[in-house]
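**Q** Structure below; questions to follow.
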Amino acid sequence: MSVADLIEGQHVCICAGAGGVGKTTTSAAIAMGMAARGHKVAVLTIDPAKRLATSLGLSELANEERRIEPEIFARHGIEMRGELWAMMLDAKRTWDEMIDRRAPDARTRDAILGNRIYQQLSTAVAGTTEYMALERIYELHEEGRYDLLVLDTPPTRNALDFLEAPERLSRFIDSRSLQIFLRPGIFGVRAFGRGTGLVFGVLKRITGSDLLSDMSEFFGAFGDMAIGIRERASRVGELLSDPRTAFLLVTSPRRDAIDESIGFRRRLRELGIPFDGAIVNRVHEAAGVDGSAEGVESDLAALLGADLARKVAENFADYRRVAERDSLNVERLRRELGGEPLVRVPLFDDDVHDIGGLAHVCEHLFAGDAVTA
Amino acid sequence: MEGLLEKRLVVVAGKGGVGRTTVAAALGLASARRGKRTIVCEVARQERMSRAVRGEGVGFHETELAPRLFAISIDPERSLEEFLVDQVGSRRLAGVLFHNRIFEYLAAATPGLRELATMGKVWELAQLERRRRPDSPYDLVIVDMQATGHGLGALRTARTFGDVARVGPVRRRADMIDSFLRDSRQTGVVAVALPEEMPVAETIEFAGALHDQMGLELELTVMNAMLPERFGGAEAEAIERVDGEHGAPLVAAALRSALSEYHRAGAQREQLEQLRAGVESEVVTLPYLFEPDLGLDDWELLSHELEQRL
C-alpha cells in the first residue's frame, strides 16, 4: 500500500503535526504525487521555505491558487497526468474577505475593518490563522473545482491547537453577548446572574473604558453577521470529521515529536475525527545496519587505511545509535496506532527545496510498500 | 556570556523543534553555576525541561530542579487570575470576577489578554520586589519562548495590547512590561536556529522583526545541533572510490553513512555562513549530540560548551 491508497477518493487531505517536522514538504509531495496520478489537486501551504515556495511558483502571499507549469515537471522527468495548483494562505486577507462578503453594507464593513479589536483579532490572536486555513479549504471544497485539496496546517506551538480553532472562534463570537452590557441604556444583567453589575464595574476600572467601548462598537457592527459566521465556523469544524476528509499526522522520530503525535492521535479519537495514518519524516534508517559492528573497522582499514577507517567506524557507531533511537520512538508510535497505517520517510542528505526534491519524497510516499501497519 | 547572564531576563526564542529548551537549560545551568538564583520559565504546555529532570512537570509552581536552578510552567489562566487579584486587591472579589461569564467572554474577546498575562508573570518573576513579600527574587529569569510565524509572538504582546487598551491599570501594566522587554540593560534575546534552510531563514527574519518592531538587537544567536566535520574533501573522495566495492552489508552501510554525514555536515556549514551573514549578533554553535534523549547531564555538557565558545 502507498499513501495514494490512503487518500484515494477523498476530497480533502489535512496534514497536521508539530512545527519543524516537514509538514510543508510532505503536503506538497502528497499533492504532487496525487496530481501525477491524474487528479486535479490544490495544495494550500501556510509558511513554506523560500526556495520551495519559489520552485512552486509562489513568490508571494497570494490568496488565489496558481497552477504549476507542466513543463517544470517534464524538466524533472516527472510524468504529470493531472494538474497541480498551489497557494499560500494570507490569513488577514481571508478574514477581510469574509467580512467583506458578509457585511450587510459598506458602512458596517468599514466600521469592522477599521476597528482596533478586529485588527488585533485578525493578526495577533492565536488560532486565527489555523481557523482561516480551514475556512479557505472549506471554501474551495464547496466550490468543487478540485478532486483533492491538501492542507498544510500552520506551525502551531501545539498541534492540538489546530483542532480547537473552529471552537475557539465560536467562543469568541459568543462573547458578542457582551454587547448588551456595553450599549448604554440596555440592561441585561439578569440573564448573567448575580454579581454581574459588580463584575462589570470592576472590569471597567481595570481595563479602561475605551477597551470596552471599542468592543461595544465591534460587536455592535458585527451583530447580525455573528450568527452567520458562527454557523459557518461550525460547518468548517465539521469538515474535520467528514468521511471524505483524510487526516494524516506528520511527525519526526524525535522523542518530543513522537510524544506530541501520540497525544494528538488520542485527541482525534476523543473528538471522533477519522484518522488515516502517520508519516514519520527524517528517519535514520536502520536497514542494513543490524548485527555486530565487530570486524567492520578492520574490513574498512583494508579499503581506506587505519586512520580513515577509524573515523568511518566512529561515525557509523554514532549513526547506529541515532538509528536505534529513531526506531524505538517510531515503535512507540506504532504501538499507539495499533494497526493503523504508518509511513517512514528516511533522512535525506539534502534539504528538500525544489520539484526534484519533492519527487524524491514522492518515491518514498508512493512506493507500493510505503505503508506499514 | 557574562554580559548576557548579567541581565534580569533572557528570552530564548526560536521555532518549535530547534532546541530552545536545550539552550534555555544550558544557560540556566551556567547561571546557577555562577551562584545566581535562576529560574527557567516554560510557556508552552510541554514542560520539557522539568520532565527530563524530574520525570514530571512542575506546573505553575516555582520548583528547584538543581542547586539554584528553578523551573516554572506559566499557565495563562493562572497568570490572569493572579493579575486580577493584584488589580482588584481582593482574592475573593477576583475569584468572583474570574468565574463570571462576562469575564470569560471578555477574556475570550480581548485580543492578546492571555498572552499578556503570561508575559506579565515572566515580568513579575524578574522583579526584585516580588508580588508576595516572602517570595525571594531571582538574579536571572530565562524564558523558553516560541517565536511564531513572521512575528515576535509573545514578545510583542504587551505592545499589541497597548494598541487595544488606551487607558487603565491593564494598559499601565502592559506598558511596564513592554518597556522592561525593550530595555537592553534588563532584557537580552537569544535566538536558536538549526543548520537547515527554513530555521536559518526564520532566524534572520526574526532578528529583523526584533529590530523593526521592538528596537532590540539579538544578544546572541545559537546554531544548535551541528554535526562534527569528520571528513575532509579528500577523505570523502577516498570513501566514494571504494563505496560499492565491499559486499558486507555492514561495511557498505558504514561507507554510506560516512558519505551522508559528509554531505550533511557540508550543507550545515553553508547554512552557518548564511546565518552569520544574516544576523548582526555573535553566532555560536552547539554540537549535535548522538544521545537518545537529552537530560541534565547532556545540558551540563552543552552548558560548558556554550561557556567555552563565548
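Within each chain, counting starts at residue 1; across the C-alpha cells, chains are named A, B, ... in the order shown, with ligands numbered 1 upward in that order.
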Applying 10 Å and only C-alpha atoms, which residues near Asp298 of chain B remain after dropping the ones on its own chain fewer than 3 positions away? List them as a list of chain:residue names.
**A** B:Thr22, B:Ala25, B:Ala26, B:Leu289, B:Glu291, B:Asp293, B:Leu294, B:Gly295, B:Leu301, B:Leu302, B:Ser303, B:His304
**Q** Please write the residues from the selection above to a file, keeping C-alpha atoms, as a PDB file, in the first residue's frame.
**A**
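result17.pdb, freshly written:
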ATOM      1  CA  THR B  22      18.259  22.796  25.430  1.00  0.00           C
ATOM      2  CA  ALA B  25      18.551  24.778  30.206  1.00  0.00           C
ATOM      3  CA  ALA B  26      22.239  25.191  29.298  1.00  0.00           C
ATOM      4  CA  LEU B 289      24.619  15.031  20.498  1.00  0.00           C
ATOM      5  CA  GLU B 291      22.296  10.662  22.552  1.00  0.00           C
ATOM      6  CA  ASP B 293      17.278  11.762  24.720  1.00  0.00           C
ATOM      7  CA  LEU B 294      18.853  14.740  26.344  1.00  0.00           C
ATOM      8  CA  GLY B 295      18.851  15.052  30.122  1.00  0.00           C
ATOM      9  CA  LEU B 301      27.887  19.347  28.883  1.00  0.00           C
ATOM     10  CA  LEU B 302      26.338  21.759  26.403  1.00  0.00           C
ATOM     11  CA  SER B 303      26.351  24.474  29.002  1.00  0.00           C
ATOM     12  CA  HIS B 304      30.148  24.131  29.354  1.00  0.00           C
TER      13      HIS B 304
END
**Q** Find the residues in chain B near chain A: any atom within 8 Å counts, using only C-alpha atoms. Write them as a tab-separated table (two decimals) with N, CA and C atoms, in the first residue's frame.
**A**
chain	number	residue	atom	x	y	z
B	15	LYS	N	11.75	28.70	16.65
B	15	LYS	CA	10.59	27.90	16.28
B	15	LYS	C	10.61	26.55	16.99
B	16	GLY	N	9.50	25.85	16.90
B	16	GLY	CA	9.39	24.52	17.51
B	16	GLY	C	10.45	23.58	16.96
B	17	GLY	N	11.05	22.78	17.85
B	17	GLY	CA	11.97	21.74	17.40
B	17	GLY	C	13.41	22.18	17.16
B	18	VAL	N	13.73	23.46	17.40
B	18	VAL	CA	15.11	23.89	17.14
B	18	VAL	C	16.03	23.68	18.34
B	44	ALA	N	4.97	27.01	26.92
B	44	ALA	CA	4.07	26.07	26.25
B	44	ALA	C	3.69	25.03	27.30
B	87	GLN	N	-4.89	43.39	40.88
B	87	GLN	CA	-5.57	44.60	40.44
B	87	GLN	C	-6.75	44.97	41.32
B	88	VAL	N	-7.56	43.98	41.70
B	88	VAL	CA	-8.75	44.33	42.48
B	88	VAL	C	-8.46	44.30	43.97
B	96	VAL	N	-14.64	35.86	42.15
B	96	VAL	CA	-15.98	36.09	41.61
B	96	VAL	C	-15.86	36.55	40.16
B	97	LEU	N	-14.95	37.49	39.95
B	97	LEU	CA	-14.74	38.05	38.62
B	97	LEU	C	-14.29	36.98	37.64
B	100	ASN	N	-16.92	34.57	36.52
B	100	ASN	CA	-18.14	35.14	35.96
B	100	ASN	C	-18.14	34.99	34.44
B	101	ARG	N	-19.32	34.73	33.89
B	101	ARG	CA	-19.38	34.50	32.44
B	101	ARG	C	-18.98	35.73	31.64
B	102	ILE	N	-19.36	36.89	32.15
B	102	ILE	CA	-19.00	38.12	31.45
B	102	ILE	C	-17.48	38.23	31.31
B	103	PHE	N	-16.81	37.89	32.40
B	103	PHE	CA	-15.36	37.98	32.34
B	103	PHE	C	-14.79	36.97	31.35
B	105	TYR	N	-16.20	35.89	28.73
B	105	TYR	CA	-16.41	36.44	27.39
B	105	TYR	C	-15.38	37.51	27.08
B	106	LEU	N	-15.18	38.36	28.06
B	106	LEU	CA	-14.25	39.46	27.81
B	106	LEU	C	-12.84	38.92	27.57
B	108	ALA	N	-12.11	36.07	26.37
B	108	ALA	CA	-12.06	35.43	25.05
B	108	ALA	C	-12.03	36.48	23.95
B	109	ALA	N	-12.70	37.62	24.19
B	109	ALA	CA	-12.85	38.60	23.12
B	109	ALA	C	-11.70	39.60	23.05
B	110	THR	N	-10.95	39.74	24.13
B	110	THR	CA	-9.90	40.73	24.12
B	110	THR	C	-8.64	40.13	23.51
B	111	PRO	N	-8.24	40.64	22.36
B	111	PRO	CA	-7.09	40.04	21.70
B	111	PRO	C	-5.84	40.14	22.57
B	112	GLY	N	-5.19	39.01	22.75
B	112	GLY	CA	-3.89	39.04	23.41
B	112	GLY	C	-3.91	39.10	24.93
B	146	GLN	N	8.46	30.36	22.20
B	146	GLN	CA	8.29	30.12	20.78
B	146	GLN	C	8.13	31.43	20.01
B	148	THR	N	6.67	32.95	16.69
B	148	THR	CA	5.66	32.45	15.76
B	148	THR	C	5.73	33.14	14.42
B	149	GLY	N	5.50	32.39	13.38
B	149	GLY	CA	5.38	32.92	12.03
B	149	GLY	C	6.40	34.00	11.73
B	153	GLY	N	5.54	37.10	18.29
B	153	GLY	CA	4.68	36.39	19.23
B	153	GLY	C	4.58	37.12	20.55
B	160	THR	N	1.02	45.02	21.48
B	160	THR	CA	-0.27	44.75	20.84
B	160	THR	C	-1.40	45.17	21.76
B	163	ASP	N	-2.11	48.70	22.06
B	163	ASP	CA	-2.87	49.26	20.94
B	163	ASP	C	-4.37	49.06	21.13
B	164	VAL	N	-4.73	48.13	22.00
B	164	VAL	CA	-6.15	47.83	22.20
B	164	VAL	C	-6.72	48.65	23.35
B	165	ALA	N	-6.01	48.66	24.47
B	165	ALA	CA	-6.50	49.39	25.64
B	165	ALA	C	-5.65	50.65	25.81
B	166	ARG	N	-6.30	51.78	25.76
B	166	ARG	CA	-5.51	53.01	25.80
B	166	ARG	C	-5.25	53.53	27.21
B	167	VAL	N	-6.17	53.22	28.10
B	167	VAL	CA	-6.03	53.73	29.47
B	167	VAL	C	-6.31	52.61	30.46
B	168	GLY	N	-6.10	52.87	31.72
B	168	GLY	CA	-6.47	51.92	32.77
B	168	GLY	C	-5.29	51.12	33.26
B	169	PRO	N	-5.49	50.42	34.37
B	169	PRO	CA	-4.40	49.66	35.00
B	169	PRO	C	-3.81	48.57	34.10
B	170	VAL	N	-4.63	47.92	33.29
B	170	VAL	CA	-4.10	46.88	32.42
B	170	VAL	C	-3.12	47.49	31.44
B	171	ARG	N	-3.53	48.64	30.90
B	171	ARG	CA	-2.66	49.33	29.97
B	171	ARG	C	-1.34	49.73	30.65
B	196	GLU	N	19.52	24.31	9.03
B	196	GLU	CA	18.72	23.94	7.87
B	196	GLU	C	18.16	25.23	7.29
B	197	GLU	N	17.74	25.15	6.03
B	197	GLU	CA	17.34	26.35	5.33
B	197	GLU	C	16.24	27.14	6.06
B	198	MET	N	15.17	26.45	6.38
B	198	MET	CA	14.00	27.12	6.94
B	198	MET	C	14.29	27.79	8.29
B	201	ALA	N	16.52	30.86	7.74
B	201	ALA	CA	15.79	31.99	7.16
B	201	ALA	C	14.88	32.63	8.21
B	230	ARG	N	33.70	15.53	10.28
B	230	ARG	CA	34.61	14.39	10.47
B	230	ARG	C	35.54	14.19	9.29
B	235	GLU	N	39.19	12.87	1.94
B	235	GLU	CA	38.74	11.64	2.60
B	235	GLU	C	37.41	11.17	2.02
B	238	ALA	N	38.06	9.48	-1.14
B	238	ALA	CA	38.61	8.14	-0.91
B	238	ALA	C	37.48	7.16	-0.57
B	239	ILE	N	36.54	7.64	0.25
B	239	ILE	CA	35.42	6.77	0.63
B	239	ILE	C	34.54	6.48	-0.59
B	242	VAL	N	35.78	3.72	-2.89
B	242	VAL	CA	35.62	2.31	-2.51
B	242	VAL	C	34.15	1.95	-2.24
B	249	PRO	N	27.22	-6.15	4.14
B	249	PRO	CA	26.22	-5.09	4.30
B	249	PRO	C	26.62	-4.04	5.33
B	250	LEU	N	27.26	-4.49	6.42
B	250	LEU	CA	27.62	-3.53	7.46
B	250	LEU	C	28.69	-2.56	6.98
B	251	VAL	N	29.66	-3.10	6.23
B	251	VAL	CA	30.73	-2.24	5.72
B	251	VAL	C	30.14	-1.24	4.72
B	253	ALA	N	27.08	-0.17	4.65
B	253	ALA	CA	26.28	0.81	5.38
B	253	ALA	C	27.17	1.84	6.06
B	254	ALA	N	28.32	1.40	6.58
B	254	ALA	CA	29.25	2.32	7.24
B	254	ALA	C	29.76	3.35	6.23
B	255	LEU	N	30.09	2.88	5.02
B	255	LEU	CA	30.58	3.80	3.99
B	255	LEU	C	29.49	4.79	3.60
B	257	SER	N	26.96	5.79	5.40
B	257	SER	CA	26.65	6.79	6.43
B	257	SER	C	27.78	7.82	6.55
B	258	ALA	N	29.00	7.41	6.22
B	258	ALA	CA	30.10	8.39	6.22
B	258	ALA	C	29.87	9.44	5.13
B	260	SER	N	27.02	10.23	3.75
B	260	SER	CA	25.85	11.02	4.11
B	260	SER	C	26.23	12.10	5.12
B	261	GLU	N	27.01	11.72	6.10
B	261	GLU	CA	27.46	12.69	7.10
B	261	GLU	C	28.28	13.80	6.45
B	263	HIS	N	28.09	14.94	3.40
B	263	HIS	CA	27.22	15.86	2.66
B	263	HIS	C	26.42	16.75	3.61
B	264	ARG	N	25.88	16.12	4.63
B	264	ARG	CA	25.03	16.88	5.54
B	264	ARG	C	25.84	17.92	6.33
B	267	ALA	N	26.50	20.80	4.02
B	267	ALA	CA	25.31	21.64	3.84
B	267	ALA	C	25.07	22.49	5.09
B	290	PHE	N	24.80	12.73	19.91
B	290	PHE	CA	24.29	11.43	19.45
B	290	PHE	C	23.71	10.66	20.62
B	291	GLU	N	22.89	11.32	21.40
B	291	GLU	CA	22.30	10.66	22.55
B	291	GLU	C	20.83	10.42	22.26
B	292	PRO	N	20.29	9.33	22.81
B	292	PRO	CA	18.87	9.06	22.57
B	292	PRO	C	17.99	10.23	23.01
B	293	ASP	N	18.08	10.65	24.24
B	293	ASP	CA	17.28	11.76	24.72
B	293	ASP	C	18.12	12.59	25.68
**Q** If we count only C-alpha atoms, what is near Thr63 of chain B at a cut-off of 7 Å, once residues fewer than 6 positions away on the same chain are taken out, given as a list in words?
**A**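 Near neighbours after the sequence-gap exclusion: Phe70, Ala71 and Ile72 of chain B.
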**Q** Keeping only N, CA, C and O atoms, write the selected residues as a short mmCIF file (atom, residue, chain, number, x, y, z; two decimals), in the first residue's frame.
**A**
data_model
loop_
_atom_site.label_atom_id
_atom_site.label_comp_id
_atom_site.auth_asym_id
_atom_site.auth_seq_id
_atom_site.Cartn_x
_atom_site.Cartn_y
_atom_site.Cartn_z
N PHE B 70 15.76 26.92 39.19
CA PHE B 70 14.33 26.69 39.38
C PHE B 70 13.63 26.58 38.03
O PHE B 70 14.17 26.98 37.00
N ALA B 71 12.44 26.01 38.06
CA ALA B 71 11.62 25.94 36.84
C ALA B 71 10.19 26.28 37.19
O ALA B 71 9.75 26.08 38.33
N ILE B 72 9.48 26.80 36.21
CA ILE B 72 8.03 27.02 36.37
C ILE B 72 7.40 26.89 34.99
O ILE B 72 8.02 27.20 33.98
#
**Q** From the DSSP assignment of the backbone, select every residue of segment 280-336 of chain A that is alpha helix (DSSP H), and format the answer as JSON, numbers by chain.
**A** {"A": [296, 297, 298, 299, 300, 301, 302, 303, 304, 306, 307, 308, 309, 310, 311, 312, 313, 314, 315, 316, 317, 318, 319, 320, 321, 322, 323, 324, 325, 326, 327, 328, 329, 330, 331, 332, 333, 334, 335, 336]}
**Q** I'd like the neighbourhood of Val58 of chain B as JSON, numbers by chain, where a residue qualifies if any of its atoms comes within 10 Å (using only C-alpha atoms), though same-chain residues fewer than 6 positions away should be ignored.
**A** {"B": [47, 49, 50, 51, 64, 65, 70, 71, 72, 73, 74]}
**Q** Mind the document's chain letters and residue numbers, and return as a ChimeraX atom specification the residues of segment 20-230 of chain B that DSSP labels strand (DSSP E).
**A** /B:38-42,63-66,69-73,140-146,187-193,220-226
**Q** Would you list the contacts of segment 185-190 of chain B as a list of chain:residue names, taking every protein, DNA or RNA residue within 6 Å and counting only C-alpha atoms, but skipping same-chain residues closer than 6 positions in sequence?
**A**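 The filter keeps B:Lys7, B:Arg8, B:Leu9, B:Val10, B:Val11, B:Val12, B:Leu218, B:Glu219, B:Leu220, B:Thr221.
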**Q** Show which residues sit within 9 Å of segment 124-134 of chain B, as a VMD selection string. Count only C-alpha atoms, and ignore same-chain residues fewer than 6 positions away.
**A** chain B and resid 8 to 9 39 86 140 to 141 177
**Q** Could those selected residues go to a file with all heavy atoms, as a short mmCIF file (atom, residue, chain, number, x, y, z; two decimals), in the first residue's frame?
**A**
data_model
loop_
_atom_site.label_atom_id
_atom_site.label_comp_id
_atom_site.auth_asym_id
_atom_site.auth_seq_id
_atom_site.Cartn_x
_atom_site.Cartn_y
_atom_site.Cartn_z
N ARG B 8 18.47 40.82 33.69
CA ARG B 8 17.44 40.29 34.58
C ARG B 8 16.63 39.22 33.87
O ARG B 8 16.09 38.32 34.47
CB ARG B 8 16.49 41.40 35.06
CG ARG B 8 17.19 42.57 35.67
CD ARG B 8 16.83 42.86 37.13
NE ARG B 8 16.07 41.86 37.81
CZ ARG B 8 16.57 40.97 38.67
NH1 ARG B 8 17.87 40.96 38.93
NH2 ARG B 8 15.79 40.13 39.25
N LEU B 9 16.50 39.39 32.55
CA LEU B 9 15.66 38.46 31.79
C LEU B 9 16.35 38.08 30.48
O LEU B 9 16.82 38.95 29.76
CB LEU B 9 14.31 39.14 31.47
CG LEU B 9 13.35 38.38 30.55
CD1 LEU B 9 12.86 37.09 31.19
CD2 LEU B 9 12.15 39.26 30.18
N ILE B 39 15.73 31.11 37.35
CA ILE B 39 14.52 30.34 37.05
C ILE B 39 14.30 30.27 35.55
O ILE B 39 14.50 31.26 34.83
CB ILE B 39 13.28 30.91 37.78
CG1 ILE B 39 12.07 29.98 37.58
CG2 ILE B 39 12.94 32.34 37.31
CD1 ILE B 39 10.94 30.20 38.56
N ASP B 86 -4.15 40.99 42.02
CA ASP B 86 -3.34 42.17 42.27
C ASP B 86 -4.11 43.45 41.94
O ASP B 86 -3.98 44.46 42.63
CB ASP B 86 -2.06 42.15 41.42
CG ASP B 86 -1.14 41.03 41.85
OD1 ASP B 86 -1.43 40.39 42.88
OD2 ASP B 86 -0.14 40.79 41.15
N LEU B 140 18.28 35.90 37.83
CA LEU B 140 18.08 35.83 36.38
C LEU B 140 16.86 34.98 36.06
O LEU B 140 16.67 33.90 36.62
CB LEU B 140 19.32 35.21 35.70
CG LEU B 140 19.22 35.06 34.17
CD1 LEU B 140 19.12 36.42 33.50
CD2 LEU B 140 20.42 34.30 33.62
N VAL B 141 16.04 35.48 35.14
CA VAL B 141 14.89 34.73 34.64
C VAL B 141 15.17 34.40 33.18
O VAL B 141 15.56 35.27 32.40
CB VAL B 141 13.59 35.57 34.75
CG1 VAL B 141 12.41 34.82 34.14
CG2 VAL B 141 13.31 35.92 36.20
N ILE B 177 5.59 46.24 31.20
CA ILE B 177 6.16 45.01 30.65
C ILE B 177 6.90 45.34 29.36
O ILE B 177 8.04 44.94 29.15
CB ILE B 177 5.07 43.96 30.39
CG1 ILE B 177 4.41 43.56 31.71
CG2 ILE B 177 5.62 42.75 29.67
CD1 ILE B 177 3.14 42.74 31.54
#
**Q** Atom CA of Arg136 of chain A and atom CA of Cys362 of chain A are how many Å apart?
**A** 25.6 Å
**Q** Which neighbours of Tyr131 of chain A fall inside 9 Å, counting only C-alpha atoms, when residues of the same chain fewer than 3 positions from it are skipped, and could you give them as a list in words?
**A**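 Surrounding residues, per the criterion: Ala91, Gly127, Thr128, Leu134, Glu135, Arg136, Phe162, Glu164, Ala165, Pro166, Arg168, Leu169, Ala233, Val236 and Gly237 of chain A.
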**Q** How would the residues just picked look written out with all heavy atoms as a short mmCIF file (atom, residue, chain, number, x, y, z; two decimals), in the first residue's frame?
**A**
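The result, written out as out-v9.cif:
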data_model
loop_
_atom_site.label_atom_id
_atom_site.label_comp_id
_atom_site.auth_asym_id
_atom_site.auth_seq_id
_atom_site.Cartn_x
_atom_site.Cartn_y
_atom_site.Cartn_z
N ALA A 91 -3.72 34.96 5.91
CA ALA A 91 -4.81 34.83 6.89
C ALA A 91 -5.58 36.14 7.05
O ALA A 91 -6.80 36.15 7.11
CB ALA A 91 -4.25 34.39 8.24
N GLY A 127 -4.57 31.00 16.94
CA GLY A 127 -5.70 30.20 16.47
C GLY A 127 -6.42 30.79 15.26
O GLY A 127 -7.14 30.09 14.57
N THR A 128 -6.21 32.09 14.99
CA THR A 128 -6.96 32.64 13.87
C THR A 128 -6.41 32.19 12.52
O THR A 128 -7.17 31.97 11.59
CB THR A 128 -7.03 34.18 13.94
OG1 THR A 128 -5.71 34.68 14.04
CG2 THR A 128 -7.83 34.65 15.12
N LEU A 134 -8.54 26.59 7.54
CA LEU A 134 -9.68 25.68 7.38
C LEU A 134 -10.80 26.34 6.59
O LEU A 134 -11.45 25.71 5.75
CB LEU A 134 -10.22 25.27 8.76
CG LEU A 134 -9.48 24.14 9.45
CD1 LEU A 134 -10.02 23.95 10.85
CD2 LEU A 134 -9.63 22.84 8.65
N GLU A 135 -11.02 27.61 6.89
CA GLU A 135 -12.06 28.37 6.21
C GLU A 135 -11.81 28.39 4.70
O GLU A 135 -12.70 28.16 3.89
CB GLU A 135 -12.06 29.79 6.79
CG GLU A 135 -12.80 30.84 6.00
CD GLU A 135 -14.32 30.77 6.13
OE1 GLU A 135 -14.80 30.35 7.20
OE2 GLU A 135 -15.01 31.12 5.15
N ARG A 136 -10.56 28.62 4.35
CA ARG A 136 -10.20 28.71 2.93
C ARG A 136 -10.39 27.35 2.25
O ARG A 136 -10.87 27.26 1.13
CB ARG A 136 -8.75 29.19 2.81
CG ARG A 136 -8.35 29.62 1.44
CD ARG A 136 -8.93 30.99 1.09
NE ARG A 136 -8.57 31.36 -0.28
CZ ARG A 136 -9.33 31.15 -1.35
NH1 ARG A 136 -10.50 30.58 -1.21
NH2 ARG A 136 -8.92 31.50 -2.55
N PHE A 162 -4.73 23.36 16.53
CA PHE A 162 -5.37 23.37 15.24
C PHE A 162 -6.79 22.81 15.31
O PHE A 162 -7.73 23.35 14.75
CB PHE A 162 -4.52 22.56 14.27
CG PHE A 162 -5.14 22.41 12.94
CD1 PHE A 162 -5.20 23.49 12.07
CD2 PHE A 162 -5.69 21.20 12.55
CE1 PHE A 162 -5.80 23.35 10.84
CE2 PHE A 162 -6.28 21.07 11.33
CZ PHE A 162 -6.34 22.14 10.46
N GLU A 164 -8.75 22.78 17.72
CA GLU A 164 -9.67 23.56 18.54
C GLU A 164 -9.99 24.92 17.93
O GLU A 164 -10.79 25.67 18.48
CB GLU A 164 -9.08 23.72 19.95
CG GLU A 164 -9.16 22.40 20.71
CD GLU A 164 -8.11 22.26 21.78
OE1 GLU A 164 -7.44 23.25 22.09
OE2 GLU A 164 -7.97 21.13 22.29
N ALA A 165 -9.37 25.21 16.78
CA ALA A 165 -9.53 26.55 16.21
C ALA A 165 -10.99 26.93 15.91
O ALA A 165 -11.41 28.02 16.29
CB ALA A 165 -8.65 26.70 14.97
N PRO A 166 -11.78 26.06 15.27
CA PRO A 166 -13.16 26.46 14.99
C PRO A 166 -13.96 26.72 16.27
O PRO A 166 -14.71 27.69 16.37
CB PRO A 166 -13.75 25.26 14.23
CG PRO A 166 -12.58 24.54 13.67
CD PRO A 166 -11.48 24.74 14.68
N ARG A 168 -12.75 27.67 19.10
CA ARG A 168 -12.30 28.91 19.71
C ARG A 168 -12.95 30.12 19.05
O ARG A 168 -13.34 31.07 19.71
CB ARG A 168 -10.78 29.01 19.61
CG ARG A 168 -10.20 29.94 20.63
CD ARG A 168 -8.70 29.92 20.66
NE ARG A 168 -8.17 28.58 20.85
CZ ARG A 168 -6.95 28.23 20.49
NH1 ARG A 168 -6.17 29.08 19.90
NH2 ARG A 168 -6.53 27.01 20.70
N LEU A 169 -13.09 30.06 17.73
CA LEU A 169 -13.73 31.18 17.04
C LEU A 169 -15.19 31.29 17.48
O LEU A 169 -15.70 32.39 17.71
CB LEU A 169 -13.65 31.02 15.52
CG LEU A 169 -14.19 32.25 14.79
CD1 LEU A 169 -13.20 33.40 14.83
CD2 LEU A 169 -14.59 31.93 13.37
N ALA A 233 -18.55 28.64 11.07
CA ALA A 233 -17.46 28.05 11.85
C ALA A 233 -17.80 26.62 12.23
O ALA A 233 -16.93 25.75 12.22
CB ALA A 233 -17.16 28.88 13.09
N VAL A 236 -17.40 24.52 9.14
CA VAL A 236 -15.96 24.37 8.87
C VAL A 236 -15.38 23.32 9.82
O VAL A 236 -14.60 22.45 9.43
CB VAL A 236 -15.22 25.72 9.02
CG1 VAL A 236 -13.72 25.53 9.04
CG2 VAL A 236 -15.61 26.66 7.88
N GLY A 237 -15.80 23.40 11.08
CA GLY A 237 -15.35 22.42 12.06
C GLY A 237 -15.76 21.00 11.68
O GLY A 237 -15.00 20.05 11.86
#
**Q** Just checking: using only C-alpha atoms, which residue out of B:Glu245, B:Ala193, B:Met176, B:Leu181 ends up closest to Gly215 of chain B?
**A**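 Among B:Glu245, B:Ala193, B:Met176, B:Leu181, it is B:Leu181 that comes nearest to Gly215 of chain B.
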**Q** Just to confirm, what's the straight-line distance from atom CA of Val222 of chain B to atom CA of Val283 of chain B in Å (one decimal)?
**A**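 Value for the atom CA of Val222 of chain B-atom CA of Val283 of chain B distance: 5.7 Å.
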